[in-house]
>>> print(open('my_file24.txt').read())   # compact mmCIF, C-alpha atoms and all ligand atoms
# COMPACT_ATOMS: atom_id res chain seq x y z
CA MET U 1 204.97 165.49 -55.82
CA SER U 2 207.08 162.65 -57.21
CA ALA U 3 205.66 160.11 -59.69
CA ALA U 4 204.26 156.80 -58.49
CA THR U 5 206.88 154.14 -57.77
CA THR U 6 206.64 150.37 -58.20
CA VAL U 7 208.86 147.83 -56.48
CA PHE U 8 209.51 144.48 -58.19
CA THR U 9 210.32 141.81 -55.61
CA GLY U 10 210.64 138.03 -55.60
CA ILE U 11 213.58 138.19 -58.02
CA GLY U 12 215.55 135.05 -57.23
CA GLU U 13 218.46 136.08 -59.46
CA LEU U 14 218.84 139.48 -61.07
CA VAL U 15 221.26 140.19 -63.90
CA THR U 16 221.80 143.94 -63.91
CA GLY U 17 224.56 144.01 -66.52
CA ASP U 18 226.18 146.67 -64.35
CA PRO U 19 229.52 145.45 -62.93
CA ALA U 20 229.32 148.16 -60.25
CA THR U 21 226.30 146.36 -58.73
CA GLY U 22 226.01 143.01 -56.99
CA ASP U 23 228.67 140.32 -57.20
CA GLY U 24 231.20 142.47 -59.05
CA SER U 25 231.18 140.23 -62.14
CA PRO U 26 230.40 141.72 -65.57
CA LEU U 27 226.86 140.40 -65.10
CA GLY U 28 226.35 142.42 -61.90
CA LEU U 29 224.38 139.57 -60.32
CA VAL U 30 222.17 140.18 -57.28
CA ARG U 31 220.38 137.32 -55.50
CA ASP U 32 217.00 137.86 -53.82
CA ALA U 33 216.84 141.23 -55.49
CA ALA U 34 214.39 144.08 -55.91
CA ILE U 35 214.06 146.86 -58.47
CA VAL U 36 212.22 150.12 -57.90
CA VAL U 37 210.80 151.79 -61.00
CA GLU U 38 209.71 155.40 -61.29
CA ASP U 39 208.47 157.09 -64.47
CA GLY U 40 209.45 154.09 -66.58
CA ARG U 41 213.04 154.16 -65.39
CA VAL U 42 215.02 152.21 -62.84
CA ALA U 43 215.20 154.25 -59.63
CA TRP U 44 216.90 151.69 -57.38
CA VAL U 45 218.38 148.15 -57.66
CA GLY U 46 219.70 145.94 -54.87
CA PRO U 47 218.97 143.22 -52.35
CA ALA U 48 215.25 143.01 -51.52
CA ARG U 49 215.96 143.32 -47.80
CA SER U 50 217.17 146.91 -48.30
CA ALA U 51 214.59 148.01 -50.87
CA PRO U 52 212.97 151.36 -50.22
CA SER U 53 209.18 151.40 -49.95
CA ALA U 54 207.12 152.12 -53.04
CA ASP U 55 203.53 152.98 -53.98
CA ALA U 56 202.87 149.60 -55.60
CA GLY U 57 204.46 146.17 -55.73
CA VAL U 58 204.89 143.29 -58.21
CA ASP U 59 205.98 139.91 -56.82
CA LEU U 60 207.88 137.84 -59.38
CA ALA U 61 207.80 134.68 -57.25
CA GLY U 62 211.47 133.72 -57.35
CA SER U 63 212.07 134.19 -61.11
CA ALA U 64 215.36 135.13 -62.69
CA VAL U 65 215.21 138.59 -64.27
CA VAL U 66 217.51 139.89 -67.01
CA PRO U 67 217.58 143.21 -68.87
CA GLY U 68 215.16 143.16 -71.82
CA PHE U 69 217.01 141.96 -74.91
CA VAL U 70 218.37 144.53 -77.36
CA ASP U 71 218.03 143.12 -80.87
CA SER U 72 220.33 145.44 -82.79
CA HIS U 73 219.81 143.90 -86.23
CA SER U 74 216.57 142.88 -87.90
CA HIS U 75 214.79 143.22 -91.24
CA LEU U 76 211.10 143.22 -90.33
CA LEU U 77 209.84 145.46 -93.13
CA PHE U 78 208.84 142.87 -95.72
CA ALA U 79 205.96 140.79 -97.02
CA GLY U 80 205.79 137.11 -97.97
CA ASP U 81 208.02 134.27 -96.82
CA ARG U 82 210.68 132.01 -98.29
CA GLY U 83 209.95 128.69 -96.63
CA ALA U 84 210.38 126.88 -99.95
CA GLU U 85 213.82 128.44 -100.41
CA PHE U 86 214.77 127.29 -96.91
CA ALA U 87 213.60 123.76 -97.65
CA ALA U 88 215.58 123.71 -100.90
CA ARG U 89 218.65 124.90 -99.00
CA MET U 90 218.28 122.15 -96.46
CA SER U 91 218.31 119.70 -99.34
CA GLY U 92 221.59 121.08 -100.62
CA ARG U 93 221.09 124.33 -102.49
CA PRO U 94 223.51 127.12 -101.37
CA TYR U 95 222.42 130.49 -99.96
CA THR U 96 223.11 133.53 -102.13
CA ALA U 97 222.26 137.21 -101.84
CA GLY U 98 220.06 136.77 -104.93
CA GLY U 99 217.12 135.40 -102.91
CA ILE U 100 216.49 138.90 -101.60
CA ALA U 101 214.85 139.74 -104.97
CA SER U 102 211.90 137.45 -104.28
CA THR U 103 211.11 139.26 -101.04
CA VAL U 104 211.51 142.58 -102.85
CA ALA U 105 208.82 141.50 -105.33
CA ALA U 106 206.46 140.40 -102.53
CA THR U 107 207.07 143.58 -100.53
CA ARG U 108 206.44 145.89 -103.48
CA ALA U 109 203.21 144.02 -104.21
CA ALA U 110 201.90 144.26 -100.63
CA ASP U 111 199.51 147.03 -99.63
CA ASP U 112 200.29 149.27 -96.65
CA VAL U 113 197.91 147.43 -94.33
CA THR U 114 199.54 144.07 -95.07
CA LEU U 115 203.05 145.45 -94.62
CA GLU U 116 202.24 147.09 -91.30
CA ALA U 117 200.36 144.04 -90.02
CA ASN U 118 203.36 141.82 -90.76
CA VAL U 119 205.73 144.08 -88.86
CA ARG U 120 203.37 144.36 -85.91
CA ARG U 121 203.05 140.56 -85.79
CA LEU U 122 206.82 140.20 -85.62
CA VAL U 123 207.23 142.97 -83.06
CA ALA U 124 204.64 141.29 -80.82
CA GLU U 125 206.57 138.04 -81.21
CA MET U 126 209.77 139.83 -80.20
CA ALA U 127 208.05 141.20 -77.10
CA ARG U 128 206.88 137.72 -76.11
CA GLY U 129 210.49 136.60 -76.44
CA GLY U 130 211.77 139.31 -74.07
CA THR U 131 213.02 141.85 -76.59
CA THR U 132 212.41 145.43 -75.49
CA THR U 133 214.55 147.39 -77.97
CA PHE U 134 215.02 146.56 -81.62
CA GLU U 135 216.58 148.00 -84.73
CA THR U 136 214.99 147.34 -88.11
CA LYS U 137 215.98 148.04 -91.68
CA SER U 138 214.45 148.87 -95.03
CA GLY U 139 215.95 147.04 -98.00
CA TYR U 140 213.08 145.04 -99.49
CA GLY U 141 211.54 147.96 -101.39
CA LEU U 142 214.48 149.28 -103.40
CA THR U 143 212.48 152.07 -105.03
CA VAL U 144 212.24 155.56 -103.58
CA ALA U 145 208.58 155.09 -102.64
CA ASP U 146 208.93 151.54 -101.30
CA GLU U 147 211.99 152.28 -99.16
CA ALA U 148 210.36 155.43 -97.75
CA ARG U 149 207.14 153.53 -97.04
CA ALA U 150 208.98 150.78 -95.20
CA LEU U 151 210.86 153.23 -92.99
CA ALA U 152 207.70 155.18 -92.22
CA VAL U 153 206.14 151.95 -90.94
CA GLY U 154 209.30 151.07 -89.01
CA ARG U 155 209.31 154.50 -87.38
CA LEU U 156 205.89 153.79 -85.89
CA LEU U 157 207.45 151.02 -83.82
CA THR U 158 211.08 151.92 -83.08
CA THR U 159 213.46 154.87 -83.12
CA GLU U 160 216.21 152.53 -84.37
CA THR U 161 215.41 152.55 -88.08
CA THR U 162 218.05 151.89 -90.73
CA PHE U 163 218.11 152.83 -94.40
CA LEU U 164 219.31 149.79 -96.39
CA GLY U 165 218.56 150.92 -99.96
CA ALA U 166 221.93 149.30 -100.76
CA HIS U 167 220.79 145.77 -99.91
CA VAL U 168 221.15 144.41 -103.46
CA VAL U 169 220.84 145.94 -106.92
CA PRO U 170 217.18 145.35 -107.88
CA PRO U 171 216.49 143.40 -111.09
CA GLU U 172 215.41 146.45 -113.12
CA PHE U 173 218.88 147.98 -112.55
CA ALA U 174 220.80 144.74 -113.17
CA GLU U 175 222.71 146.19 -116.12
CA ARG U 176 222.98 149.68 -114.60
CA ARG U 177 224.60 149.36 -111.16
CA ASP U 178 225.96 152.89 -111.24
CA ALA U 179 222.53 154.31 -111.92
CA TYR U 180 221.17 152.42 -108.92
CA ILE U 181 223.93 153.78 -106.68
CA ASP U 182 223.08 157.29 -107.92
CA LEU U 183 219.41 156.70 -107.09
CA VAL U 184 220.28 155.44 -103.60
CA CYS U 185 222.63 158.33 -102.87
CA GLY U 186 220.28 160.93 -104.31
CA PRO U 187 216.47 160.78 -104.32
CA MET U 188 216.18 157.61 -102.21
CA LEU U 189 218.28 158.93 -99.36
CA GLN U 190 216.55 162.31 -99.56
CA ALA U 191 213.19 160.61 -99.13
CA CYS U 192 214.33 158.16 -96.47
CA ALA U 193 216.75 160.08 -94.26
CA PRO U 194 214.00 161.84 -92.26
CA GLN U 195 212.67 158.42 -91.18
CA ALA U 196 216.01 156.80 -90.37
CA ARG U 197 218.73 157.02 -87.76
CA TRP U 198 221.22 154.71 -89.47
CA VAL U 199 222.59 153.96 -92.95
CA ASP U 200 223.66 150.39 -93.76
CA VAL U 201 225.09 148.65 -96.83
CA PHE U 202 225.30 144.92 -97.61
CA CYS U 203 229.02 144.86 -98.44
CA ASP U 204 229.52 141.28 -99.61
CA ARG U 205 229.65 138.85 -102.52
CA GLY U 206 226.67 139.35 -104.80
CA ALA U 207 225.80 142.67 -103.14
CA PHE U 208 228.02 145.81 -103.04
CA ASP U 209 231.78 146.28 -103.30
CA GLU U 210 234.05 148.53 -101.25
CA ASP U 211 233.80 151.61 -103.46
CA GLU U 212 230.03 151.38 -103.71
CA THR U 213 229.80 150.86 -99.95
CA ARG U 214 231.92 153.88 -99.16
CA THR U 215 229.91 156.01 -101.60
CA VAL U 216 226.57 155.10 -100.00
CA LEU U 217 227.82 155.47 -96.43
CA ALA U 218 229.29 158.89 -97.22
CA ALA U 219 226.03 160.04 -98.79
CA GLY U 220 224.06 158.83 -95.76
CA SER U 221 226.48 160.48 -93.35
CA GLY U 222 226.11 163.69 -95.32
CA LEU U 223 222.42 163.65 -94.44
CA GLY U 224 223.10 163.00 -90.76
CA LEU U 225 222.68 159.22 -90.69
CA LEU U 226 225.09 157.10 -88.66
CA PRO U 227 226.87 154.24 -90.42
CA ARG U 228 226.60 150.51 -89.70
CA LEU U 229 227.43 147.69 -92.08
CA HIS U 230 226.69 144.14 -93.18
CA GLY U 231 230.08 142.57 -93.88
CA ASN U 232 232.05 139.35 -94.20
CA GLN U 233 228.95 137.13 -94.23
CA LEU U 234 229.33 135.21 -97.48
CA GLY U 235 233.12 135.30 -97.66
CA PRO U 236 236.20 137.27 -96.67
CA GLY U 237 236.00 140.87 -97.83
CA PRO U 238 236.43 144.55 -97.10
CA GLY U 239 233.39 144.99 -94.82
CA VAL U 240 235.13 144.98 -91.46
CA ARG U 241 237.97 147.19 -92.68
CA VAL U 242 235.55 149.75 -94.12
CA ALA U 243 233.34 149.70 -91.02
CA VAL U 244 236.26 150.37 -88.69
CA ASP U 245 237.64 152.99 -91.03
CA VAL U 246 234.42 155.02 -91.22
CA GLY U 247 233.71 154.61 -87.49
CA ALA U 248 230.60 152.49 -87.97
CA ALA U 249 228.76 151.66 -84.76
CA SER U 250 228.70 148.01 -85.76
CA VAL U 251 229.70 145.55 -88.45
CA ASP U 252 227.31 142.66 -88.63
CA HIS U 253 227.69 138.97 -89.52
CA CYS U 254 231.53 138.73 -89.27
CA THR U 255 231.32 135.11 -90.37
CA HIS U 256 234.60 135.15 -92.33
CA LEU U 257 237.28 137.19 -90.54
CA SER U 258 241.01 137.45 -91.26
CA ASP U 259 243.50 138.04 -88.46
CA ASP U 260 243.72 141.66 -89.63
CA ASP U 261 239.94 142.02 -89.35
CA VAL U 262 240.01 140.73 -85.78
CA ALA U 263 242.89 143.05 -84.88
CA ALA U 264 241.08 146.02 -86.44
CA LEU U 265 237.93 145.28 -84.45
CA ALA U 266 239.89 144.78 -81.24
CA GLY U 267 241.44 148.21 -81.54
CA SER U 268 238.21 150.03 -82.33
CA PRO U 269 234.86 150.97 -80.79
CA THR U 270 233.04 149.28 -83.71
CA VAL U 271 231.01 146.36 -82.39
CA ALA U 272 231.22 142.94 -84.08
CA THR U 273 227.59 141.82 -84.19
CA LEU U 274 227.20 138.07 -84.58
CA LEU U 275 224.00 136.66 -86.06
CA PRO U 276 223.87 132.93 -85.27
CA GLY U 277 220.40 132.59 -86.79
CA ALA U 278 221.91 133.34 -90.20
CA GLU U 279 224.53 130.60 -90.00
CA PHE U 280 221.91 128.23 -88.61
CA SER U 281 219.45 128.94 -91.38
CA THR U 282 221.93 129.02 -94.26
CA ARG U 283 223.84 126.00 -92.92
CA ALA U 284 227.02 128.07 -92.91
CA PRO U 285 230.01 127.67 -90.59
CA TYR U 286 229.66 129.68 -87.38
CA PRO U 287 232.21 132.39 -86.56
CA ASP U 288 234.30 131.77 -83.46
CA ALA U 289 233.25 134.41 -80.95
CA ARG U 290 236.16 133.44 -78.66
CA ARG U 291 238.60 134.72 -81.22
CA LEU U 292 236.98 138.16 -81.01
CA LEU U 293 236.56 138.08 -77.25
CA TYR U 294 240.16 137.03 -76.59
CA ALA U 295 241.34 139.83 -78.84
CA GLY U 296 239.25 142.34 -76.87
CA ALA U 297 236.64 143.23 -79.51
CA HIS U 298 233.14 144.34 -78.52
CA VAL U 299 230.63 141.63 -79.41
CA ALA U 300 226.85 141.80 -79.77
CA LEU U 301 224.31 139.12 -80.64
CA ALA U 302 221.19 139.83 -82.69
CA THR U 303 218.57 137.87 -84.61
CA ASP U 304 218.94 139.29 -88.14
CA CYS U 305 215.25 138.39 -88.37
CA ASN U 306 214.42 138.31 -92.10
CA PRO U 307 212.51 135.93 -94.36
CA GLY U 308 215.57 134.68 -96.23
CA SER U 309 218.57 133.94 -94.06
CA SER U 310 217.28 133.97 -90.45
CA TYR U 311 213.54 133.89 -89.82
CA THR U 312 213.62 134.02 -86.04
CA THR U 313 212.77 136.78 -83.56
CA SER U 314 214.13 134.77 -80.63
CA MET U 315 217.11 136.26 -78.81
CA ALA U 316 217.05 133.25 -76.46
CA PHE U 317 217.57 130.99 -79.47
CA CYS U 318 220.49 133.15 -80.59
CA ILE U 319 222.02 132.98 -77.12
CA ALA U 320 221.72 129.20 -77.04
CA VAL U 321 223.28 128.78 -80.49
CA ALA U 322 226.07 131.26 -79.71
CA VAL U 323 226.93 129.32 -76.58
CA ARG U 324 226.89 125.95 -78.27
CA GLU U 325 228.37 126.85 -81.66
CA MET U 326 230.34 130.07 -81.24
CA ARG U 327 232.02 129.09 -77.96
CA MET U 328 230.57 131.89 -75.86
CA THR U 329 229.86 131.33 -72.18
CA PRO U 330 226.22 131.80 -71.13
CA ALA U 331 227.26 135.02 -69.37
CA GLU U 332 229.07 136.41 -72.41
CA ALA U 333 226.15 135.56 -74.67
CA LEU U 334 223.60 137.22 -72.39
CA LEU U 335 225.73 140.37 -72.13
CA ALA U 336 226.16 140.40 -75.92
CA ALA U 337 222.36 140.18 -76.32
CA THR U 338 221.71 143.06 -73.92
CA ALA U 339 224.52 145.56 -73.21
CA GLY U 340 226.33 144.47 -76.40
CA GLY U 341 223.29 145.23 -78.53
CA ALA U 342 222.90 148.57 -76.76
CA ARG U 343 226.51 149.44 -77.59
CA ALA U 344 225.92 148.46 -81.22
CA LEU U 345 223.09 151.03 -81.21
CA ARG U 346 225.12 153.58 -79.23
CA ARG U 347 222.56 153.46 -76.43
CA ASP U 348 223.44 153.59 -72.74
CA ASP U 349 219.85 153.75 -71.48
CA VAL U 350 218.92 150.15 -72.40
CA GLY U 351 220.46 146.69 -72.01
CA VAL U 352 221.44 147.35 -68.40
CA LEU U 353 219.46 147.70 -65.16
CA ARG U 354 220.96 150.58 -63.21
CA PRO U 355 219.41 153.75 -61.88
CA GLY U 356 218.42 156.04 -64.73
CA ALA U 357 218.14 153.28 -67.34
CA GLU U 358 214.85 152.27 -68.94
CA ALA U 359 212.99 149.74 -66.78
CA ASP U 360 213.09 147.00 -69.43
CA LEU U 361 212.87 143.51 -67.96
CA ALA U 362 212.62 139.95 -69.21
CA VAL U 363 211.24 137.76 -66.43
CA LEU U 364 212.29 134.14 -66.88
CA ASP U 365 210.45 131.00 -65.95
CA ALA U 366 213.77 129.72 -64.59
CA PRO U 367 215.97 130.09 -61.53
CA SER U 368 218.93 131.47 -63.50
CA TYR U 369 219.81 133.25 -66.75
CA VAL U 370 221.96 130.18 -67.56
CA HIS U 371 218.75 128.38 -68.52
CA LEU U 372 218.51 130.59 -71.64
CA ALA U 373 221.25 128.39 -73.13
CA TYR U 374 220.78 125.31 -70.97
CA ARG U 375 217.11 124.85 -72.02
CA PRO U 376 217.22 125.64 -75.77
CA GLY U 377 213.95 125.98 -77.62
CA VAL U 378 211.90 126.34 -74.44
CA PRO U 379 209.85 129.56 -74.16
CA LEU U 380 211.40 130.72 -70.89
CA VAL U 381 210.29 134.36 -70.99
CA ARG U 382 207.26 134.58 -68.74
CA GLN U 383 206.78 138.36 -68.74
CA THR U 384 208.28 141.31 -70.60
CA TRP U 385 208.26 144.86 -69.22
CA ARG U 386 209.25 147.89 -71.24
CA ALA U 387 209.74 151.28 -69.57
CA GLY U 388 208.01 149.89 -66.50
CA ARG U 389 204.92 148.66 -68.39
CA ARG U 390 204.12 145.05 -69.09
CA ILE U 391 204.14 144.45 -72.88
CA ALA U 392 203.92 140.65 -72.89
O1 LIG H 1 221.29 139.99 -93.09
N1 LIG H 1 222.90 139.91 -95.49
C1 LIG H 1 222.03 140.63 -96.01
N2 LIG H 1 220.75 140.64 -95.78
C2 LIG H 1 220.05 139.67 -95.01
C3 LIG H 1 219.53 138.57 -95.85
C4 LIG H 1 218.36 138.95 -96.56
C5 LIG H 1 217.64 137.90 -97.32
O2 LIG H 1 218.17 136.81 -97.69
O3 LIG H 1 216.47 138.20 -97.57
C6 LIG H 1 220.91 139.16 -93.89
O4 LIG H 1 221.22 137.97 -93.79
FE FE H 2 220.88 141.45 -91.96
>>> encode(input="my_file24.txt", output="structure tokens")
Amino acid sequence: MSAATTVFTGIGELVTGDPATGDGSPLGLVRDAAIVVEDGRVAWVGPARSAPSADAGVDLAGSAVVPGFVDSHSHLLFAGDRGAEFAARMSGRPYTAGGIASTVAATRAADDVTLEANVRRLVAEMARGGTTTFETKSGYGLTVADEARALAVGRLLTTETTFLGAHVVPPEFAERRDAYIDLVCGPMLQACAPQARWVDVFCDRGAFDEDETRTVLAAGSGLGLLPRLHGNQLGPGPGVRVAVDVGAASVDHCTHLSDDDVAALAGSPTVATLLPGAEFSTRAPYPDARRLLYAGAHVALATDCNPGSSYTTSMAFCIAVAVREMRMTPAEALLAATAGGARALRRDDVGVLRPGAEADLAVLDAPSYVHLAYRPGVPLVRQTWRAGRRIA
């Protein structure tokens, strides 16, 4: 006997993200749509008038529905906050990678219960904002035990965990960078690799250089982790070039790109992940997404949620800022926040609503997905469903 099926109806506008469905645009738009879900996966998508019958029904009363957001870059595994640092920045102080050390101190000092409660609070906030898949990184422990602890907590909540032992050199290794790299590539990776899918390095001013980055990525790859990279956030640099060269799934930030960087991304499967919350919160110039899109690069949008440079879990906020400040269209921004994020995580089962994919839905209190950018700051996500179950 087949599993119970549920039909979602009353979808005024459905974004499937599947160009083979609906209006033939990259959004795969269907008006007056229905979705049938079976065993947590999409079984059928199309116009409501041709929907097959199902065991149960959910009427969404004319809402727009989009694929649940895929937030492919966050740092949720921390304690404390840096509101005072943000306020100082807004009165003129510049952002530097050095602020990470204060969160490292707070994270090391936090007990396990506090650390886990903080992550769960942020994950619940993500769910309320329509996010159904998220990646999260270590990088605020920077000892073997603290990095492993962070990833063990992350693993409770997502399969997309990233080892970021190479976030910055912690203060106790300030005069011994090489020894810290040896620790990261040796005992720290040994302890962390079982809890991680990805290895990441902050390759930027005040963090790690090209040689150090390549060394850490190679060590992570040797233990079966897949590379991704922070690059070109605080200035021009080698991040994009290294990411493309090692076949990283994604290079994230991309705030300062040369023409060669754009050309390298355009000719590669590496996704350029833009993090508008970081430019917003560090009062930095926004990258021009059009430059990447015209060149043919793959683009994703993510929150970069962290207590220093981007303390938001809201993908809708990131969409709105990307549209206004990075020159994306509302359609491009939505696709970057769904299918783009899925590509950045090498996932084809999320970020799109087609048969076989996870039934992950963000139901909007709006007639169209365009409102995500048109009505900035308004909590438009009315319901979130993950694998066919309502999570918010
Ligand atoms: O992605 N760029 C590196 N790491 C974080 C910032 C972390 C912090 O300031 O605490 C980021 O922006
Ligand atoms: Fe980040």
>>> residues_near_ligand(input="my_file24.txt", ligand="ligand LIG 1 (chain H)", cutoff="7 Å", atoms="only C-alpha atoms and all ligand atoms", output="list in words")
Ala97, Gly99, Ile100, Thr103, His167, Phe202, His230, Gln233, Ala278, Asp304, Asn306, Pro307, Gly308, Ser309 and Ser310 of chain U
>>> atom_distance(input="my_file24.txt", atom1="atom CA of U:Asp259", atom2="atom CA of U:Val244")
14.3 Å
>>> residues_around(input="my_file24.txt", residues="U:Arg121", least_positions_apart="2", cutoff="12 Å", atoms="all atoms listed in the file", output="list in words")
Leu76, Leu77, Phe78, Ala79, Thr114, Leu115, Glu116, Ala117, Asn118, Val119, Val123, Ala124, Glu125, Met126, Ala127, Arg128, Leu157 and Thr313 of chain U
>>> closest_residue(input="my_file24.txt", among="U:Ala61, U:Ala302, U:Val240, U:Leu372", to="ligand FE 2 (chain H)", atoms="all atoms listed in the file")
U:Ala302
>>> closest_residue(input="my_file24.txt", among="U:Ala56, U:Leu183, U:Leu274, U:Ala87", to="ligand FE 2 (chain H)", atoms="all atoms listed in the file")
U:Leu274
>>> residues_around(input="my_file24.txt", residues="U:His75", least_positions_apart="4", cutoff="6 Å", atoms="all atoms listed in the file", output="list of chain:residue names")
U:Thr136, U:Lys137, U:Cys305, U:Asn306
>>> closest_residue(input="my_file24.txt", among="U:Ser72, U:Thr270, U:Ser368, U:Thr131", to="ligand FE 2 (chain H)", atoms="only C-alpha atoms and all ligand atoms")
U:Ser72
>>> residues_near_point(input="my_file24.txt", point="(220.1, 139.9, -60.4)", cutoff="9 Å", atoms="all atoms listed in the file", output="list in words")
Ile11, Gly12, Glu13, Leu14, Val15, Thr16, Gly17, Gly22, Leu27, Gly28, Leu29, Val30, Arg31, Asp32, Ala33, Ala34, Val45, Gly46, Pro47, Ala64, Val65 and Val66 of chain U
>>> write_last_selection(input="my_file24.txt", atoms="C-alpha atoms", output="compact mmCIF listing (two decimals), keeping the file's coordinate frame")
# COMPACT_ATOMS: atom_id res chain seq x y z
CA ILE U 11 213.58 138.19 -58.02
CA GLY U 12 215.55 135.05 -57.23
CA GLU U 13 218.46 136.08 -59.46
CA LEU U 14 218.84 139.48 -61.07
CA VAL U 15 221.26 140.19 -63.90
CA THR U 16 221.80 143.94 -63.91
CA GLY U 17 224.56 144.01 -66.52
CA GLY U 22 226.01 143.01 -56.99
CA LEU U 27 226.86 140.40 -65.10
CA GLY U 28 226.35 142.42 -61.90
CA LEU U 29 224.38 139.57 -60.32
CA VAL U 30 222.17 140.18 -57.28
CA ARG U 31 220.38 137.32 -55.50
CA ASP U 32 217.00 137.86 -53.82
CA ALA U 33 216.84 141.23 -55.49
CA ALA U 34 214.39 144.08 -55.91
CA VAL U 45 218.38 148.15 -57.66
CA GLY U 46 219.70 145.94 -54.87
CA PRO U 47 218.97 143.22 -52.35
CA ALA U 64 215.36 135.13 -62.69
CA VAL U 65 215.21 138.59 -64.27
CA VAL U 66 217.51 139.89 -67.01
>>> atom_distance(input="my_file24.txt", atom1="atom CA of U:His73", atom2="atom CA of U:Arg155")
15.0 Å
>>> residues_around(input="my_file24.txt", residues="U:Leu151", least_positions_apart="4", cutoff="9 Å", atoms="only C-alpha atoms", output="list of chain:residue names")
U:Leu77, U:Thr136, U:Lys137, U:Ser138, U:Asp146, U:Glu147, U:Arg155, U:Leu156, U:Thr161, U:Thr162, U:Phe163, U:Cys192, U:Gln195, U:Ala196
>>> write_last_selection(input="my_file24.txt", atoms="C-alpha atoms", output="mmCIF file, in the coordinates of the input")
data_model
loop_
_atom_site.group_PDB
_atom_site.id
_atom_site.type_symbol
_atom_site.label_atom_id
_atom_site.label_comp_id
_atom_site.auth_asym_id
_atom_site.auth_seq_id
_atom_site.Cartn_x
_atom_site.Cartn_y
_atom_site.Cartn_z
ATOM 1 C CA LEU U 77 209.840 145.460 -93.130
ATOM 2 C CA THR U 136 214.990 147.340 -88.110
ATOM 3 C CA LYS U 137 215.980 148.040 -91.680
ATOM 4 C CA SER U 138 214.450 148.870 -95.030
ATOM 5 C CA ASP U 146 208.930 151.540 -101.300
ATOM 6 C CA GLU U 147 211.990 152.280 -99.160
ATOM 7 C CA ARG U 155 209.310 154.500 -87.380
ATOM 8 C CA LEU U 156 205.890 153.790 -85.890
ATOM 9 C CA THR U 161 215.410 152.550 -88.080
ATOM 10 C CA THR U 162 218.050 151.890 -90.730
ATOM 11 C CA PHE U 163 218.110 152.830 -94.400
ATOM 12 C CA CYS U 192 214.330 158.160 -96.470
ATOM 13 C CA GLN U 195 212.670 158.420 -91.180
ATOM 14 C CA ALA U 196 216.010 156.800 -90.370
#
>>> closest_residue(input="my_file24.txt", among="U:Pro367, U:Thr329, U:Gly224, U:Ala248", to="U:Gly10", atoms="all atoms listed in the file")
U:Pro367
>>> closest_residue(input="my_file24.txt", among="U:Trp198, U:Trp385, U:Phe173, U:Tyr140", to="U:Val363", atoms="all atoms listed in the file")
U:Trp385
>>> closest_residue(input="my_file24.txt", among="U:Phe8, U:Tyr311, U:Phe86, U:Phe208", to="ligand FE 2 (chain H)", atoms="all atoms listed in the file")
U:Tyr311
>>> residues_around(input="my_file24.txt", residues="U:Ser268", least_positions_apart="3", cutoff="10 Å", atoms="all atoms listed in the file", output="PyMOL selection string")
chain U and resi 243-245+247-249+263-265+271+296-298
>>> write_last_selection(input="my_file24.txt", atoms="C-alpha atoms", output="JSON list (two decimals), in the coordinates of the input")
[["chain", "number", "residue", "atom", "x", "y", "z"],
["U", 243, "ALA", "CA", 233.34, 149.70, -91.02],
["U", 244, "VAL", "CA", 236.26, 150.37, -88.69],
["U", 245, "ASP", "CA", 237.64, 152.99, -91.03],
["U", 247, "GLY", "CA", 233.71, 154.61, -87.49],
["U", 248, "ALA", "CA", 230.60, 152.49, -87.97],
["U", 249, "ALA", "CA", 228.76, 151.66, -84.76],
["U", 263, "ALA", "CA", 242.89, 143.05, -84.88],
["U", 264, "ALA", "CA", 241.08, 146.02, -86.44],
["U", 265, "LEU", "CA", 237.93, 145.28, -84.45],
["U", 271, "VAL", "CA", 231.01, 146.36, -82.39],
["U", 296, "GLY", "CA", 239.25, 142.34, -76.87],
["U", 297, "ALA", "CA", 236.64, 143.23, -79.51],
["U", 298, "HIS", "CA", 233.14, 144.34, -78.52]]
>>> residues_around(input="my_file24.txt", residues="U:Leu257", least_positions_apart="3", cutoff="10 Å", atoms="all atoms listed in the file", output="number ranges by chain")
U: 231-233, 235-240, 253-254, 260-263, 287-288, 291-292
>>> atom_distance(input="my_file24.txt", atom1="atom CA of U:Thr215", atom2="atom CA of U:Gly139")
17.0 Å
>>> axis_aligned_box(input="my_file24.txt", around="stretch 264-279 of chain U", padding_each_side="8 Å", output="JSON")
{"center_x": 230.9, "center_y": 140.8, "center_z": -85.5, "size_x": 37.0, "size_y": 36.4, "size_z": 25.4}
>>> residues_near_point(input="my_file24.txt", point="(213.9, 151.6, -55.9)", cutoff="7 Å", atoms="all atoms listed in the file", output="list of chain:residue names")
U:Val7, U:Ile35, U:Val36, U:Val37, U:Ala43, U:Trp44, U:Val45, U:Ala51, U:Pro52
>>> decode(input="my_file24.txt", residues="stretch 357-371 of chain U", atoms="C-alpha atoms", output="mmCIF file, in the first residue's frame")
data_model
loop_
_atom_site.group_PDB
_atom_site.id
_atom_site.type_symbol
_atom_site.label_atom_id
_atom_site.label_comp_id
_atom_site.auth_asym_id
_atom_site.auth_seq_id
_atom_site.Cartn_x
_atom_site.Cartn_y
_atom_site.Cartn_z
ATOM 1 C CA ALA U 357 12.463 16.752 -4.400
ATOM 2 C CA GLU U 358 11.935 17.368 -0.690
ATOM 3 C CA ALA U 359 8.540 18.961 -0.022
ATOM 4 C CA ASP U 360 10.034 22.144 1.456
ATOM 5 C CA LEU U 361 7.726 25.145 1.157
ATOM 6 C CA ALA U 362 7.653 28.751 2.276
ATOM 7 C CA VAL U 363 4.061 29.993 2.185
ATOM 8 C CA LEU U 364 3.917 33.771 1.797
ATOM 9 C CA ASP U 365 1.387 36.202 3.123
ATOM 10 C CA ALA U 366 1.487 37.841 -0.311
ATOM 11 C CA PRO U 367 0.095 37.315 -3.796
ATOM 12 C CA SER U 368 3.532 37.012 -5.413
ATOM 13 C CA TYR U 369 7.153 36.154 -4.629
ATOM 14 C CA VAL U 370 7.993 39.701 -5.817
ATOM 15 C CA HIS U 371 6.763 40.950 -2.444
#
